[in-house]
Amino acid sequence: MNAERATLEWRAARHAALSDPSRLRIVDLLSLGDLSPSELQARLGVPSNLLAHHLRTLETTGMLTRGRSEADRRRSYVRLSPGALDDLTPGAAGHAHRVVFVCTANSARSQLAAALWRRASPIPVASAGTRPAGRVDPGAVAAARRHHLALHATRPRRLADIAAAGDFVITVCDQAHEELGDLGGLHWSVPDPVRTGADDAFDAAVTTLAGRVDRLVPRLAST
């Protein structure tokens, strides 16, 4: 079994252990401090045999440890193991020497996404389009100003003109994604704010893109 498969199976076992509301509550409580089994039983309001089952399940996955009280040696305390909650979130997305955001016109979404990425990650970034417009949309420029983004509003460029080996391509509009097919990167389906031109549409696009960028940044390593 390779390391990646072993990690996936380990994560799956811990997710399974946390699928029960009572076990999830136990972990929530122990994330704040150590508790004896009797204290846990009182907090959860469950029979002792059911609590014992939940604790065994969590111990089997290595999430819990027990230690004897230094005062009353008949008493034990349950605690979270170091790193018990590590790696429960999705794993690494890969490596990139540059991230390239792509939409059809390269006039709004891809430009805003690149500005957000530039603010959040040291990995170089660029933006491009499948059919570039003549200029960056004024609505995107105004939205960047409202959200304090340094929008490098260069003339929209064609993906074919800037593409390089090792690029991590992220399409941010459905049309570009469907034109280009699967390039091995990612696709973020973000509604086109240029269609309405309204400030709230551009603001919604920035909010959506910012959330996606924030989730990806810690999972994408530089090459």
# chains A, B, ... in the order shown; residues from 1 in each chain; ligands from 1

$ residues_around --residues "region 4-7 of chain A" --least-positions-apart "5" --cutoff "12 Å" --atoms "only C-alpha atoms" --output "list of chain:residue names"
A:Ala12, A:Ala13, A:Arg14, A:Asp86, A:Asp87, A:Leu88, A:Thr89, A:Pro90, A:Gly91, A:Ala92

$ closest_atom_pairs --of "region 59-150 of chain A" --to "region 188-197 of chain A" --cutoff "10 Å" --atoms "only C-alpha atoms" --output "CSV"
residue,atom,partner,partner_atom,distance
A:Phe101,CA,A:Trp188,CA,9.8
A:Val102,CA,A:Trp188,CA,10.0
A:Cys103,CA,A:Asp192,CA,9.3
A:Thr104,CA,A:Asp192,CA,9.9
A:Ser107,CA,A:Val194,CA,8.7
A:Ala108,CA,A:Val194,CA,7.3
A:Arg109,CA,A:Asp192,CA,7.3
A:Asp137,CA,A:Val194,CA,7.5
A:Pro138,CA,A:Gly197,CA,9.1
A:Gly139,CA,A:Gly197,CA,6.4
A:Ala140,CA,A:Val194,CA,8.4

$ residues_around --residues "Leu112 (chain A)" --least-positions-apart "5" --cutoff "10 Å" --atoms "only C-alpha atoms" --output "list in words"
Phe101, Asn106, Ser107, Trp117, Arg118, Ser127, Ala140, Val141, Ala143, Ala144, Leu149, Ala150, Leu151, His152, Ala153, Phe202, Ala205, Val206, Leu209 and Ala210 of chain A

$ residues_around --residues "Val100 (chain A)" --least-positions-apart "3" --cutoff "9 Å" --atoms "only C-alpha atoms" --output "list in words"
Ser110, Ala114, Pro124, Val125, Ala126, Ser127, Ala128, Leu159, Ala163, Asp167, Phe168, Val169, Ile170 and Thr171 of chain A

$ residues_around --residues "Leu58 (chain A)" --least-positions-apart "4" --cutoff "12 Å" --atoms "only C-alpha atoms" --output "VMD selection string"
chain A and resid 13 to 20 22 to 27 30 51 to 54 62 to 66 78 to 81 84 to 85

$ select_by_dssp --residues "region 18-144 of chain A" --states "alpha helix (DSSP H)" --output "PyMOL selection string"
chain A and resi 21-30+37-44+48-60+109-120+138-144

$ closest_residue --among "A:Ser31, A:Thr154, A:Asn2, A:Thr57" --to "Gly83 (chain A)" --atoms "only C-alpha atoms"
A:Ser31

$ closest_residue --among "A:Ala165, A:Leu32, A:Leu8, A:Ala160" --to "Leu180 (chain A)" --atoms "only C-alpha atoms"
A:Ala160

$ select_by_dssp --residues "region 112-183 of chain A" --states "strand (DSSP E or B)" --output "mmCIF file with N, CA and C atoms, in the first residue's frame"
data_model
loop_
_atom_site.group_PDB
_atom_site.id
_atom_site.type_symbol
_atom_site.label_atom_id
_atom_site.label_comp_id
_atom_site.auth_asym_id
_atom_site.auth_seq_id
_atom_site.Cartn_x
_atom_site.Cartn_y
_atom_site.Cartn_z
ATOM 1 N N VAL A 125 1.236 34.107 -10.424
ATOM 2 C CA VAL A 125 -0.111 33.977 -10.978
ATOM 3 C C VAL A 125 -0.231 34.800 -12.247
ATOM 4 N N ALA A 126 -1.087 34.340 -13.135
ATOM 5 C CA ALA A 126 -1.411 35.075 -14.353
ATOM 6 C C ALA A 126 -2.880 34.823 -14.665
ATOM 7 N N SER A 127 -3.413 35.579 -15.610
ATOM 8 C CA SER A 127 -4.787 35.341 -16.055
ATOM 9 C C SER A 127 -4.828 35.432 -17.569
ATOM 10 N N ALA A 128 -5.826 34.763 -18.130
ATOM 11 C CA ALA A 128 -5.938 34.732 -19.589
ATOM 12 C C ALA A 128 -7.373 34.393 -19.969
ATOM 13 N N GLY A 129 -7.642 34.452 -21.279
ATOM 14 C CA GLY A 129 -8.977 34.131 -21.775
ATOM 15 C C GLY A 129 -8.904 33.235 -22.990
ATOM 16 N N ARG A 158 -4.696 36.027 -24.482
ATOM 17 C CA ARG A 158 -5.168 34.700 -24.872
ATOM 18 C C ARG A 158 -4.344 33.635 -24.153
ATOM 19 N N ASP A 167 2.035 24.970 -15.682
ATOM 20 C CA ASP A 167 0.977 25.861 -15.213
ATOM 21 C C ASP A 167 -0.137 25.058 -14.550
ATOM 22 N N PHE A 168 -0.679 25.591 -13.477
ATOM 23 C CA PHE A 168 -1.853 25.010 -12.828
ATOM 24 C C PHE A 168 -3.025 25.869 -13.253
ATOM 25 N N VAL A 169 -3.804 25.377 -14.205
ATOM 26 C CA VAL A 169 -4.869 26.183 -14.818
ATOM 27 C C VAL A 169 -6.170 26.011 -14.049
ATOM 28 N N ILE A 170 -6.787 27.144 -13.733
ATOM 29 C CA ILE A 170 -8.088 27.141 -13.063
ATOM 30 C C ILE A 170 -9.050 27.944 -13.915
ATOM 31 N N THR A 171 -10.038 27.274 -14.481
ATOM 32 C CA THR A 171 -11.067 27.988 -15.236
ATOM 33 C C THR A 171 -12.108 28.510 -14.258
#
